[in-house]
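Dumped my_file_37.cif below, it's mmCIF, C-alpha atoms and all ligand atoms:
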data_final
loop_
_atom_site.label_atom_id
_atom_site.label_comp_id
_atom_site.auth_asym_id
_atom_site.auth_seq_id
_atom_site.Cartn_x
_atom_site.Cartn_y
_atom_site.Cartn_z
CA MET A 29 93.25 126.30 123.18
CA LYS A 30 90.83 123.61 122.04
CA THR A 31 89.66 123.43 118.41
CA LYS A 32 88.45 120.68 116.11
CA ILE A 33 92.04 120.40 114.83
CA THR A 34 93.67 120.05 118.27
CA GLU A 35 91.08 117.40 119.08
CA MET A 36 91.49 115.54 115.79
CA PHE A 37 95.29 115.40 115.99
CA GLY A 38 95.66 115.12 119.77
CA ILE A 39 97.84 118.25 120.01
CA GLU A 40 97.92 121.10 122.52
CA HIS A 41 97.98 124.14 120.22
CA PRO A 42 96.29 124.67 116.81
CA VAL A 43 99.62 125.35 115.09
CA MET A 44 101.01 123.11 112.38
CA GLN A 45 104.30 123.03 110.48
CA GLY A 46 103.77 122.20 106.81
CA GLY A 47 105.98 119.80 104.90
CA MET A 48 109.03 121.57 103.45
CA HIS A 49 111.52 120.02 101.06
CA TYR A 50 114.96 119.74 102.69
CA VAL A 51 113.69 121.55 105.82
CA GLY A 52 111.15 119.12 107.28
CA PHE A 53 113.57 116.67 108.88
CA ALA A 54 113.01 114.86 112.18
CA GLU A 55 114.76 117.61 114.20
CA LEU A 56 112.26 120.30 113.16
CA ALA A 57 109.18 118.04 113.24
CA ALA A 58 110.02 116.86 116.75
CA ALA A 59 110.76 120.40 117.99
CA VAL A 60 107.37 121.64 116.76
CA SER A 61 105.54 118.65 118.23
CA ASN A 62 107.41 118.93 121.55
CA ALA A 63 106.28 122.58 121.70
CA GLY A 64 102.66 121.41 121.48
CA GLY A 65 102.11 121.96 117.75
CA LEU A 66 102.10 119.43 114.93
CA GLY A 67 105.49 118.90 113.29
CA THR A 68 105.79 117.32 109.86
CA ILE A 69 108.52 115.25 108.21
CA THR A 70 108.70 115.82 104.45
CA GLY A 71 108.35 112.35 102.92
CA LEU A 72 109.93 112.92 99.52
CA THR A 73 113.05 114.62 100.93
CA GLN A 74 113.92 111.09 102.04
CA LYS A 75 115.25 109.44 98.88
CA THR A 76 113.76 105.99 99.54
CA PRO A 77 111.04 104.51 101.76
CA ALA A 78 113.85 102.96 103.86
CA ASP A 79 115.32 106.45 104.45
CA LEU A 80 111.88 107.67 105.49
CA ALA A 81 111.59 104.76 107.93
CA ASN A 82 114.86 105.91 109.54
CA GLU A 83 113.66 109.52 109.72
CA ILE A 84 110.39 108.45 111.36
CA ALA A 85 112.32 106.33 113.88
CA LYS A 86 114.60 109.31 114.60
CA CYS A 87 111.60 111.57 115.17
CA LYS A 88 110.10 109.03 117.56
CA ASP A 89 113.35 109.07 119.53
CA LEU A 90 113.08 112.87 119.79
CA THR A 91 109.38 113.18 120.73
CA ASP A 92 106.53 111.20 122.29
CA LYS A 93 104.01 113.63 120.79
CA PRO A 94 102.06 113.14 117.54
CA PHE A 95 103.77 114.23 114.33
CA ALA A 96 102.83 114.03 110.65
CA VAL A 97 104.48 112.99 107.40
CA ASN A 98 103.93 115.07 104.25
CA LEU A 99 103.42 113.24 100.99
CA THR A 100 103.48 115.50 97.94
CA PHE A 101 101.96 113.97 94.84
CA LEU A 102 103.99 115.43 92.00
CA PRO A 103 102.89 115.84 88.39
CA THR A 104 105.80 113.74 87.12
CA VAL A 105 106.04 110.93 84.62
CA ASN A 106 108.49 108.97 86.75
CA ALA A 107 106.49 108.94 89.98
CA PRO A 108 108.30 108.27 93.25
CA ASP A 109 107.53 104.94 94.98
CA TYR A 110 104.34 106.21 96.62
CA PRO A 111 103.09 102.75 97.67
CA GLY A 112 106.47 102.15 99.32
CA TYR A 113 106.35 105.49 101.21
CA ILE A 114 102.79 104.78 102.34
CA LYS A 115 103.70 101.32 103.59
CA THR A 116 106.57 102.89 105.54
CA ILE A 117 104.29 105.52 107.07
CA ILE A 118 101.79 102.86 108.16
CA GLU A 119 104.47 100.50 109.51
CA GLY A 120 106.16 103.43 111.27
CA GLY A 121 102.98 104.02 113.27
CA VAL A 122 102.54 107.59 112.01
CA LYS A 123 98.96 108.71 112.70
CA ILE A 124 98.70 111.89 110.59
CA VAL A 125 99.55 112.47 106.93
CA GLU A 126 99.60 115.82 105.16
CA THR A 127 98.97 115.21 101.46
CA ALA A 128 99.58 117.87 98.82
CA GLY A 129 99.76 118.30 95.07
CA ARG A 130 97.64 115.97 93.01
CA ASN A 131 94.47 114.22 94.15
CA PRO A 132 95.40 111.71 96.91
CA GLN A 133 92.35 109.52 96.22
CA PRO A 134 94.22 106.42 94.90
CA TYR A 135 96.16 106.15 98.17
CA LEU A 136 93.47 107.23 100.61
CA PRO A 137 91.99 103.76 101.36
CA TYR A 138 95.39 102.46 102.57
CA LEU A 139 95.83 105.42 104.90
CA LYS A 140 92.25 105.35 106.20
CA ASP A 141 92.33 101.56 106.78
CA ALA A 142 95.39 102.12 108.97
CA GLY A 143 93.48 104.67 111.06
CA ILE A 144 95.56 107.59 109.78
CA LYS A 145 94.08 111.10 109.75
CA VAL A 146 94.62 112.82 106.39
CA ILE A 147 94.85 116.58 105.98
CA HIS A 148 95.04 117.58 102.32
CA LYS A 149 96.62 120.89 101.37
CA CYS A 150 94.85 122.77 98.60
CA THR A 151 94.72 126.23 97.12
CA SER A 152 91.08 126.51 96.05
CA VAL A 153 87.61 125.92 97.46
CA ARG A 154 86.81 123.43 94.69
CA HIS A 155 89.84 121.30 95.51
CA ALA A 156 89.00 121.51 99.22
CA LEU A 157 85.47 120.31 98.49
CA LYS A 158 86.88 117.47 96.42
CA ALA A 159 89.16 116.49 99.34
CA GLU A 160 86.13 116.49 101.62
CA LYS A 161 84.17 114.36 99.15
CA ILE A 162 86.87 111.69 98.79
CA GLY A 163 87.13 111.29 102.57
CA CYS A 164 89.97 113.51 103.82
CA ASP A 165 89.56 114.37 107.50
CA ALA A 166 90.64 118.00 107.19
CA VAL A 167 92.15 120.43 104.70
CA SER A 168 94.92 122.99 104.85
CA VAL A 169 93.79 125.98 102.78
CA ASP A 170 96.84 127.59 101.19
CA GLY A 171 96.29 131.20 100.08
CA PHE A 172 98.03 133.14 97.31
CA GLU A 173 100.52 134.55 99.85
CA CYS A 174 102.01 131.14 100.58
CA GLY A 175 105.53 129.96 100.04
CA GLY A 176 105.66 127.09 97.55
CA HIS A 177 102.87 126.35 95.10
CA PRO A 178 99.87 128.71 95.41
CA GLY A 179 98.05 127.26 92.39
CA GLU A 180 96.77 129.38 89.53
CA ASP A 181 93.73 131.17 91.01
CA ASP A 182 95.57 133.89 92.99
CA ILE A 183 93.01 134.19 95.79
CA PRO A 184 94.50 135.61 99.00
CA ASN A 185 93.48 134.25 102.40
CA MET A 186 91.21 137.19 103.32
CA ILE A 187 88.84 135.82 100.68
CA LEU A 188 89.84 132.17 100.45
CA LEU A 189 89.38 131.34 104.15
CA PRO A 190 85.84 132.76 104.53
CA ARG A 191 84.94 131.06 101.23
CA ALA A 192 86.24 127.75 102.60
CA ASP A 193 84.24 128.41 105.76
CA GLU A 194 81.07 128.90 103.70
CA GLU A 195 81.47 125.65 101.78
CA LEU A 196 83.28 123.06 103.90
CA THR A 197 81.91 120.70 106.51
CA ILE A 198 85.28 119.21 107.54
CA PRO A 199 87.65 121.40 109.61
CA PHE A 200 90.36 123.42 107.91
CA VAL A 201 93.55 125.20 108.90
CA ALA A 202 94.69 128.48 107.37
CA SER A 203 97.98 128.26 105.50
CA GLY A 204 100.04 130.92 103.74
CA GLY A 205 101.14 134.20 105.28
CA MET A 206 100.78 132.96 108.86
CA ALA A 207 103.46 134.15 111.27
CA ASP A 208 102.20 135.14 114.70
CA ALA A 209 99.28 135.56 117.11
CA ARG A 210 97.61 138.06 114.78
CA SER A 211 97.61 135.44 112.02
CA LEU A 212 96.15 132.79 114.33
CA VAL A 213 93.38 134.98 115.73
CA ALA A 214 92.47 136.26 112.24
CA ALA A 215 92.44 132.69 110.89
CA LEU A 216 90.14 131.56 113.70
CA ALA A 217 87.88 134.56 113.05
CA MET A 218 87.60 133.53 109.40
CA GLY A 219 86.46 130.04 110.29
CA ALA A 220 89.72 128.09 110.43
CA GLU A 221 90.41 125.69 113.30
CA GLY A 222 94.11 126.46 113.37
CA MET A 223 97.03 127.62 111.24
CA ASN A 224 99.80 126.04 109.23
CA MET A 225 103.17 127.77 108.84
CA GLY A 226 106.03 127.04 106.48
CA THR A 227 108.44 129.95 106.01
CA ARG A 228 108.14 131.09 109.68
CA PHE A 229 109.38 127.70 110.91
CA ILE A 230 112.53 127.87 108.73
CA ALA A 231 113.73 130.79 110.84
CA THR A 232 113.83 128.79 114.08
CA LYS A 233 116.82 127.49 116.01
CA GLU A 234 115.92 123.85 115.38
CA ALA A 235 115.32 124.10 111.61
CA PRO A 236 118.23 121.99 110.31
CA VAL A 237 119.15 124.32 107.44
CA HIS A 238 122.21 126.47 106.74
CA GLU A 239 122.45 129.72 108.69
CA ASN A 240 122.47 131.66 105.37
CA VAL A 241 118.87 130.55 104.72
CA LYS A 242 117.71 131.91 108.07
CA GLN A 243 119.61 135.17 107.49
CA ALA A 244 118.08 135.53 104.01
CA ILE A 245 114.64 135.28 105.61
CA LEU A 246 115.51 137.88 108.26
CA ASN A 247 116.92 140.25 105.64
CA ALA A 248 113.99 139.99 103.22
CA THR A 249 110.82 142.06 103.17
CA GLU A 250 107.34 141.26 101.87
CA LEU A 251 108.49 142.68 98.50
CA ASP A 252 111.17 140.06 97.98
CA THR A 253 109.29 137.02 96.68
CA ARG A 254 108.54 136.24 93.03
CA LEU A 255 106.22 133.88 91.18
CA VAL A 256 108.05 131.53 88.81
CA MET A 257 106.91 128.78 86.41
CA ARG A 258 103.52 130.39 85.79
CA PRO A 259 103.79 129.75 82.01
CA LEU A 260 104.19 126.04 82.86
CA ARG A 261 101.10 126.16 85.11
CA ASN A 262 103.29 125.04 88.00
CA THR A 263 103.48 128.43 89.74
CA GLU A 264 105.83 128.63 92.70
CA ARG A 265 106.42 131.52 95.10
CA VAL A 266 110.14 131.79 95.75
CA MET A 267 112.68 134.13 97.30
CA ASN A 268 114.11 136.50 94.70
CA ASN A 269 117.80 136.01 93.86
CA ALA A 270 120.14 136.00 90.84
CA ALA A 271 118.89 132.60 89.61
CA VAL A 272 115.25 133.71 89.88
CA GLU A 273 115.98 136.88 87.90
CA ARG A 274 117.61 134.71 85.21
CA LEU A 275 114.61 132.37 85.22
CA LEU A 276 112.13 135.24 84.90
CA GLU A 277 114.16 136.73 82.06
CA LYS A 278 113.91 133.36 80.23
CA GLU A 279 110.16 133.25 80.87
CA ALA A 280 109.77 136.75 79.40
CA ARG A 281 111.95 135.93 76.41
CA LEU A 282 110.55 132.48 75.52
CA GLY A 283 106.91 133.25 76.30
CA ALA A 284 104.43 130.46 75.66
CA ASN A 285 107.16 128.31 74.05
CA ILE A 286 109.05 127.81 77.31
CA LYS A 287 109.65 124.24 78.43
CA PHE A 288 110.76 122.81 81.75
CA GLU A 289 114.14 121.94 80.18
CA ASP A 290 114.78 125.66 79.59
CA ILE A 291 114.82 126.41 83.33
CA ILE A 292 116.19 123.15 84.65
CA ASP A 293 119.43 124.79 85.87
CA GLU A 294 117.52 127.20 88.09
CA VAL A 295 115.07 124.71 89.62
CA ALA A 296 116.20 121.09 89.44
CA GLY A 297 118.20 119.60 92.30
CA VAL A 298 118.99 122.97 93.89
CA TYR A 299 117.45 122.38 97.34
CA PRO A 300 120.34 120.45 98.95
CA LYS A 301 122.80 123.14 97.81
CA ILE A 302 120.63 125.92 99.21
CA MET A 303 119.35 124.36 102.42
CA MET A 304 122.43 122.31 103.38
CA GLU A 305 125.32 124.30 101.90
CA GLY A 306 123.82 127.80 102.10
CA ASP A 307 124.48 128.63 98.44
CA MET A 308 121.77 131.29 98.27
CA GLU A 309 122.10 132.34 94.61
CA ILE A 310 122.19 128.88 93.01
CA GLY A 311 118.48 128.41 92.33
CA ALA A 312 114.85 129.05 93.21
CA TRP A 313 113.61 128.08 96.68
CA SER A 314 110.09 128.36 98.04
CA CYS A 315 109.45 131.28 100.36
CA GLY A 316 106.29 133.08 101.43
CA MET A 317 105.45 136.80 101.46
CA VAL A 318 105.36 136.35 105.22
CA VAL A 319 109.15 136.91 105.27
CA GLY A 320 108.15 140.54 105.78
CA LEU A 321 106.91 139.59 109.27
CA ILE A 322 109.88 137.48 110.38
CA ASN A 323 112.53 139.29 112.40
CA ASP A 324 114.03 136.74 114.78
CA ILE A 325 115.20 133.15 115.15
CA PRO A 326 113.47 131.75 118.23
CA THR A 327 113.24 128.11 119.29
CA CYS A 328 110.01 126.40 118.22
CA GLN A 329 108.96 126.39 121.87
CA GLU A 330 109.55 130.16 122.19
CA LEU A 331 107.72 130.82 118.92
CA ILE A 332 104.65 128.72 119.74
CA ASP A 333 104.51 129.90 123.37
CA ARG A 334 104.64 133.52 122.19
CA ILE A 335 101.90 132.91 119.64
CA MET A 336 99.61 131.24 122.16
CA THR A 337 100.22 133.80 124.94
CA GLU A 338 99.63 136.75 122.63
CA ALA A 339 96.62 135.11 120.95
CA THR A 340 95.01 134.48 124.33
CA ASP A 341 95.62 138.09 125.37
CA MET A 342 94.33 139.37 122.02
CA ILE A 343 91.09 137.40 122.22
CA LYS A 344 90.40 138.06 125.90
CA ASN A 345 91.57 141.65 126.19
CA ARG A 346 92.09 143.51 122.92
CA LEU A 347 89.01 142.02 121.21
CA GLY A 348 87.02 141.33 124.38
CA ASN A 349 87.45 144.95 125.51
CA LEU A 350 85.90 146.19 122.28
CA LEU A 351 82.63 144.91 123.68
CA GLY A 352 82.98 147.14 126.74
C1 LIG B 401 111.19 125.96 101.54
C2 LIG B 401 109.80 125.41 101.40
C3 LIG B 401 109.61 124.13 100.91
C4 LIG B 401 108.32 123.59 100.79
N1 LIG B 401 108.18 122.30 100.35
C5 LIG B 401 106.94 121.73 100.33
C6 LIG B 401 106.77 120.36 99.97
O1 LIG B 401 107.73 119.65 99.65
N2 LIG B 401 105.51 119.86 99.98
C7 LIG B 401 104.43 120.62 100.34
O2 LIG B 401 103.30 120.11 100.35
N3 LIG B 401 104.55 121.93 100.67
C8 LIG B 401 105.78 122.49 100.69
N4 LIG B 401 105.92 123.81 101.08
C9 LIG B 401 104.72 124.58 101.47
C10 LIG B 401 104.51 124.61 102.99
O3 LIG B 401 104.21 123.34 103.50
C11 LIG B 401 103.36 125.56 103.39
O4 LIG B 401 102.16 125.14 102.77
C12 LIG B 401 103.65 126.99 103.01
O5 LIG B 401 104.98 127.31 103.29
C13 LIG B 401 102.71 127.95 103.74
O6 LIG B 401 103.00 129.26 103.42
P1 LIG B 401 103.97 130.22 104.29
O7 LIG B 401 105.35 129.90 103.82
O8 LIG B 401 103.51 131.58 103.96
O9 LIG B 401 103.78 129.85 105.74
C14 LIG B 401 107.19 124.38 101.16
C15 LIG B 401 107.39 125.68 101.63
C16 LIG B 401 108.65 126.20 101.77
C17 LIG B 401 108.81 127.61 102.29
#
Go through the file and emit its structure as structure tokens.
Ligand SMILES: Cc1cc2nc3c(=O)[nH]c(=O)nc-3n(C[C@H](O)[C@H](O)[C@H](O)COP(=O)(O)O)c2cc1C
Amino acid sequence: MKTKITEMFGIEHPVMQGGMHYVGFAELAAAVSNAGGLGTITGLTQKTPADLANEIAKCKDLTDKPFAVNLTFLPTVNAPDYPGYIKTIIEGGVKIVETAGRNPQPYLPYLKDAGIKVIHKCTSVRHALKAEKIGCDAVSVDGFECGGHPGEDDIPNMILLPRADEELTIPFVASGGMADARSLVAALAMGAEGMNMGTRFIATKEAPVHENVKQAILNATELDTRLVMRPLRNTERVMNNAAVERLLEKEARLGANIKFEDIIDEVAGVYPKIMMEGDMEIGAWSCGMVVGLINDIPTCQELIDRIMTEATDMIKNRLGNLLG
């Protein structure tokens, strides 16, 4: 399938794996790219730029295909060494960067000068338009359904994607709630040039996370995610568990007075324990409503092949036949 996104990134299928903290290691990124999609290494999961350099080198050993690095610009006082990470990405010969979080404008000239394509992930049409204006090549439009940070507008993809289509000139991929061929065909129908998946790619054979995480995804339904940190205007969609219930109870009790320090036990530094050690009740971890559509643990190749085969059949036959 050829779209503006497959052309821009030099990939076979319009399917992307979004950056995921403590999930997006070289093994997963390479598996997605080898299957014809676009895999992504999560930059900030690597503690230093030197660690990221090693992860990029590892990914290059595992695939000859294009892959991306995600750089999430966090709203923190003690910012990570972003210039160092960017230098590493450029020197590592990475040709695609997925930015997310705050406005990437200060770093854009360095990436563009190095010939890197930038896809910025955003949760609103106004932020997507801003990304277009500052020179991003594409955007990933993340609807309210998404795992991770859906922003504060709460607009689901059935509205957000056609709105993006009405306003944007640069190509966009649909992100949030995407799981299968139905997602891809619907996204294309709403004007997207491809889809980005997070949660779905965690439940694959190559995702280098603890088996408990994959089982939690298989066991969950679309009713099992919660929104946390809304009072802090840092809303995150996470899988419900004991820690999340505790966190929500604190939010209800402390109301507008809640501070980040009040919930630090439930959110800070929990990812390695969850993703690596499989301690599923220790804290809040991002997860999309799309868990309700995930019932197996295929390889990335099986998953992407299935999506593309079924999408082709759906477009040619199921939809084509409607026309008689
Ligand atoms: C466990 C997990 C960790 C994530 N970590 C990040 C991250 O560090 N940076 C980022 O930009 N997005 C992150 N995301 C968001 C994904 O890249 C993607 O936008 C989102 O998962 C799409 O929604 P879906 O889960 O419904 O597919 C994360 C998502 C999950 C599920």
Ligand LIG 401 (chain B), all listed atoms, 8 Å padding on each side: what axis-aligned box centre and edge lengths in Å to one decimal come out, as lines of an AutoDock Vina configuration file?
center_x = 106.7
center_y = 125.6
center_z = 102.7
size_x = 25.0
size_y = 27.9
size_z = 22.1
Show me, as a tab-separated table, the residues of chain A having an atom within 8 Å of ligand LIG 401 (chain B), each with the closest atom pair and its distance in Å, using only C-alpha atoms and all ligand atoms.
residue	atom	partner	partner_atom	distance
A:Gln45	CA	B:LIG401	O3	7.0
A:Gly46	CA	B:LIG401	O3	3.5
A:Gly47	CA	B:LIG401	O3	4.2
A:Met48	CA	B:LIG401	N1	3.3
A:His49	CA	B:LIG401	O1	4.1
A:Tyr50	CA	B:LIG401	C3	7.1
A:Val51	CA	B:LIG401	C1	6.6
A:Thr70	CA	B:LIG401	O1	6.2
A:Leu72	CA	B:LIG401	O1	7.1
A:Thr73	CA	B:LIG401	O1	7.4
A:Asn98	CA	B:LIG401	O2	6.4
A:Leu99	CA	B:LIG401	O2	6.9
A:Thr100	CA	B:LIG401	O2	5.2
A:Glu126	CA	B:LIG401	O2	7.4
A:Thr127	CA	B:LIG401	O2	6.6
A:Ala128	CA	B:LIG401	O2	4.6
A:Gly129	CA	B:LIG401	O2	6.6
A:Lys149	CA	B:LIG401	O2	6.8
A:Ser168	CA	B:LIG401	O4	7.8
A:Asp170	CA	B:LIG401	O4	6.1
A:Gly171	CA	B:LIG401	O6	7.7
A:Glu173	CA	B:LIG401	O8	5.9
A:Cys174	CA	B:LIG401	O6	3.5
A:Gly175	CA	B:LIG401	O7	3.8
A:Gly176	CA	B:LIG401	C15	4.7
A:His177	CA	B:LIG401	C9	6.9
A:Ser203	CA	B:LIG401	C13	5.1
A:Gly204	CA	B:LIG401	O6	3.4
A:Gly205	CA	B:LIG401	O8	3.8
A:Met206	CA	B:LIG401	O9	5.3
A:Ala207	CA	B:LIG401	O9	7.0
A:Asn224	CA	B:LIG401	C13	6.5
A:Met225	CA	B:LIG401	O9	3.8
A:Gly226	CA	B:LIG401	O5	3.4
A:Thr227	CA	B:LIG401	O7	3.8
A:Arg228	CA	B:LIG401	O9	6.0
A:Phe229	CA	B:LIG401	O9	7.9
A:Ile230	CA	B:LIG401	C17	7.4
A:Val266	CA	B:LIG401	C17	7.9
A:Trp313	CA	B:LIG401	C1	5.8
A:Ser314	CA	B:LIG401	C1	4.4
A:Cys315	CA	B:LIG401	C17	4.2
A:Gly316	CA	B:LIG401	O8	4.0
A:Met317	CA	B:LIG401	O8	6.1
A:Val318	CA	B:LIG401	O8	5.3
A:Val319	CA	B:LIG401	O8	7.9
Requested write-out: C-alpha atoms of the selected residues, as a short mmCIF file (atom, residue, chain, number, x, y, z; two decimals), in the frame of the given file:
data_model
loop_
_atom_site.label_atom_id
_atom_site.label_comp_id
_atom_site.auth_asym_id
_atom_site.auth_seq_id
_atom_site.Cartn_x
_atom_site.Cartn_y
_atom_site.Cartn_z
CA GLN A 45 104.30 123.03 110.48
CA GLY A 46 103.77 122.20 106.81
CA GLY A 47 105.98 119.80 104.90
CA MET A 48 109.03 121.57 103.45
CA HIS A 49 111.52 120.02 101.06
CA TYR A 50 114.96 119.74 102.69
CA VAL A 51 113.69 121.55 105.82
CA THR A 70 108.70 115.82 104.45
CA LEU A 72 109.93 112.92 99.52
CA THR A 73 113.05 114.62 100.93
CA ASN A 98 103.93 115.07 104.25
CA LEU A 99 103.42 113.24 100.99
CA THR A 100 103.48 115.50 97.94
CA GLU A 126 99.60 115.82 105.16
CA THR A 127 98.97 115.21 101.46
CA ALA A 128 99.58 117.87 98.82
CA GLY A 129 99.76 118.30 95.07
CA LYS A 149 96.62 120.89 101.37
CA SER A 168 94.92 122.99 104.85
CA ASP A 170 96.84 127.59 101.19
CA GLY A 171 96.29 131.20 100.08
CA GLU A 173 100.52 134.55 99.85
CA CYS A 174 102.01 131.14 100.58
CA GLY A 175 105.53 129.96 100.04
CA GLY A 176 105.66 127.09 97.55
CA HIS A 177 102.87 126.35 95.10
CA SER A 203 97.98 128.26 105.50
CA GLY A 204 100.04 130.92 103.74
CA GLY A 205 101.14 134.20 105.28
CA MET A 206 100.78 132.96 108.86
CA ALA A 207 103.46 134.15 111.27
CA ASN A 224 99.80 126.04 109.23
CA MET A 225 103.17 127.77 108.84
CA GLY A 226 106.03 127.04 106.48
CA THR A 227 108.44 129.95 106.01
CA ARG A 228 108.14 131.09 109.68
CA PHE A 229 109.38 127.70 110.91
CA ILE A 230 112.53 127.87 108.73
CA VAL A 266 110.14 131.79 95.75
CA TRP A 313 113.61 128.08 96.68
CA SER A 314 110.09 128.36 98.04
CA CYS A 315 109.45 131.28 100.36
CA GLY A 316 106.29 133.08 101.43
CA MET A 317 105.45 136.80 101.46
CA VAL A 318 105.36 136.35 105.22
CA VAL A 319 109.15 136.91 105.27
#
All residues 12 Å or closer to segment 137-141 of chain A, all atoms listed in the file, same chain fewer than 2 positions away omitted, as a ChimeraX atom specification:
/A:97,99,110-119,121-127,132-135,143-147,162-165
Quick one: residues within 12 Å of segment 286-292 of chain A, only C-alpha atoms, excluding same-chain residues fewer than 6 positions away - as a compact mmCIF listing (two decimals) with C-alpha atoms, keeping the file's coordinate frame?
# COMPACT_ATOMS: atom_id res chain seq x y z
CA THR A 104 105.80 113.74 87.12
CA VAL A 256 108.05 131.53 88.81
CA MET A 257 106.91 128.78 86.41
CA ARG A 258 103.52 130.39 85.79
CA PRO A 259 103.79 129.75 82.01
CA LEU A 260 104.19 126.04 82.86
CA ARG A 261 101.10 126.16 85.11
CA ASN A 262 103.29 125.04 88.00
CA ALA A 271 118.89 132.60 89.61
CA VAL A 272 115.25 133.71 89.88
CA GLU A 273 115.98 136.88 87.90
CA ARG A 274 117.61 134.71 85.21
CA LEU A 275 114.61 132.37 85.22
CA LEU A 276 112.13 135.24 84.90
CA GLU A 277 114.16 136.73 82.06
CA LYS A 278 113.91 133.36 80.23
CA GLU A 279 110.16 133.25 80.87
CA ALA A 280 109.77 136.75 79.40
CA VAL A 298 118.99 122.97 93.89
CA ILE A 310 122.19 128.88 93.01
CA GLY A 311 118.48 128.41 92.33
CA ALA A 312 114.85 129.05 93.21
For Ala159 of chain A, please output as a PyMOL selection string all residues within 8 Å (counting all atoms listed in the file; exclusion window: fewer than 6 positions along the same chain).
chain A and resi 131+148+167
Could you please determine the separation between atom CA of Thr253 of chain A and atom CA of Tyr299 of chain A in Å, to one decimal place?
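Value for the atom CA of Thr253 of chain A-atom CA of Tyr299 of chain A distance: 16.8 Å.
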Within 7 Å of Pro42 of chain A, counting all atoms listed in the file, which residues show up once you throw out same-chain ones fewer than 4 positions away? Write them as number ranges by chain, please.
A: 31, 33-34, 65, 221-223
Å distance separating atom CA of Glu234 of chain A from atom CA of Asp109 of chain A, one decimal place
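Spanning atom CA of Glu234 of chain A to atom CA of Asp109 of chain A is a straight-line distance of 29.1 Å.
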If we count all atoms listed in the file and set the cut-off at 9 Å, which residues sit around Asn240 of chain A, ignoring sequence neighbours fewer than 6 positions away in its own chain? Please answer as a PyMOL selection string.
chain A and resi 302-303+305-308
Store the residues picked out above, limited to C-alpha atoms, as a PDB file, in the frame of the given file.
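Final output, result-v8.pdb:
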ATOM      1  CA  ILE A 302     120.630 125.920  99.210  1.00  0.00           C
ATOM      2  CA  MET A 303     119.350 124.360 102.420  1.00  0.00           C
ATOM      3  CA  GLU A 305     125.320 124.300 101.900  1.00  0.00           C
ATOM      4  CA  GLY A 306     123.820 127.800 102.100  1.00  0.00           C
ATOM      5  CA  ASP A 307     124.480 128.630  98.440  1.00  0.00           C
ATOM      6  CA  MET A 308     121.770 131.290  98.270  1.00  0.00           C
TER       7      MET A 308
END
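The interatomic distance for the pair atom CA of Asp193 of chain A and atom CA of Val153 of chain A works out to 9.3 Å.
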Among the residues A:Asn106, A:Phe172, A:Cys328, A:Ala142, the one that comes closest to Val43 of chain A [using all atoms listed in the file]
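Checking each candidate against Val43 of chain A, we get A:Cys328 as the closest.
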Name the closest residue to His155 of chain A among the candidates A:Gly120, A:Ile183, A:Ala192, A:Leu212; distances are taken between atoms, counting all atoms listed in the file.
A:Ala192
Which one of A:Lys30, A:Glu194, A:Asp341, A:Phe200 sits closest to Val169 of chain A if you count all atoms listed in the file?
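Smallest distance to Val169 of chain A is found for A:Phe200.
Each of A:Ala166, A:Ala81, A:Met44, A:Ala217 was checked against Thr197 of chain A using all atoms listed in the file; the smallest atom-to-atom distance is that of A:Ala166.
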Identify which of the residues A:Val60, A:Ile187, A:Ala156, A:Ala215 lies closest to Ile332 of chain A, counting only C-alpha atoms when measuring atom-to-atom distances.
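Looking only at the distances to Ile332 of chain A, the closest residue turns out to be A:Val60.
In terms of minimum interatomic distance to Glu195 of chain A, A:Leu157 ranks closest within A:Leu157, A:Ala209, A:Ala78, A:Met336, counting all atoms listed in the file.
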Any chance you could model N, CA and C atoms for segment 35-43 of chain A and send them as a PDB file, in the frame of the given file?
ATOM      1  N   GLU A  35      91.743 118.641 118.674  1.00  0.00           N
ATOM      2  CA  GLU A  35      91.080 117.400 119.080  1.00  0.00           C
ATOM      3  C   GLU A  35      91.380 116.266 118.109  1.00  0.00           C
ATOM      4  N   MET A  36      91.286 116.578 116.815  1.00  0.00           N
ATOM      5  CA  MET A  36      91.490 115.540 115.790  1.00  0.00           C
ATOM      6  C   MET A  36      92.901 114.966 115.843  1.00  0.00           C
ATOM      7  N   PHE A  37      93.895 115.846 116.040  1.00  0.00           N
ATOM      8  CA  PHE A  37      95.290 115.400 115.990  1.00  0.00           C
ATOM      9  C   PHE A  37      95.885 115.089 117.366  1.00  0.00           C
ATOM     10  N   GLY A  38      95.142 115.385 118.424  1.00  0.00           N
ATOM     11  CA  GLY A  38      95.660 115.120 119.770  1.00  0.00           C
ATOM     12  C   GLY A  38      96.847 116.010 120.124  1.00  0.00           C
ATOM     13  N   ILE A  39      96.751 117.294 119.732  1.00  0.00           N
ATOM     14  CA  ILE A  39      97.840 118.250 120.010  1.00  0.00           C
ATOM     15  C   ILE A  39      97.329 119.357 120.932  1.00  0.00           C
ATOM     16  N   GLU A  40      98.289 120.093 121.520  1.00  0.00           N
ATOM     17  CA  GLU A  40      97.920 121.100 122.520  1.00  0.00           C
ATOM     18  C   GLU A  40      97.494 122.421 121.880  1.00  0.00           C
ATOM     19  N   HIS A  41      98.226 122.826 120.841  1.00  0.00           N
ATOM     20  CA  HIS A  41      97.980 124.140 120.220  1.00  0.00           C
ATOM     21  C   HIS A  41      97.607 123.967 118.736  1.00  0.00           C
ATOM     22  N   PRO A  42      96.726 124.832 118.207  1.00  0.00           N
ATOM     23  CA  PRO A  42      96.290 124.670 116.810  1.00  0.00           C
ATOM     24  C   PRO A  42      97.291 125.273 115.816  1.00  0.00           C
ATOM     25  N   VAL A  43      98.535 124.810 115.921  1.00  0.00           N
ATOM     26  CA  VAL A  43      99.620 125.350 115.090  1.00  0.00           C
ATOM     27  C   VAL A  43     100.349 124.180 114.440  1.00  0.00           C
TER      28      VAL A  43
END
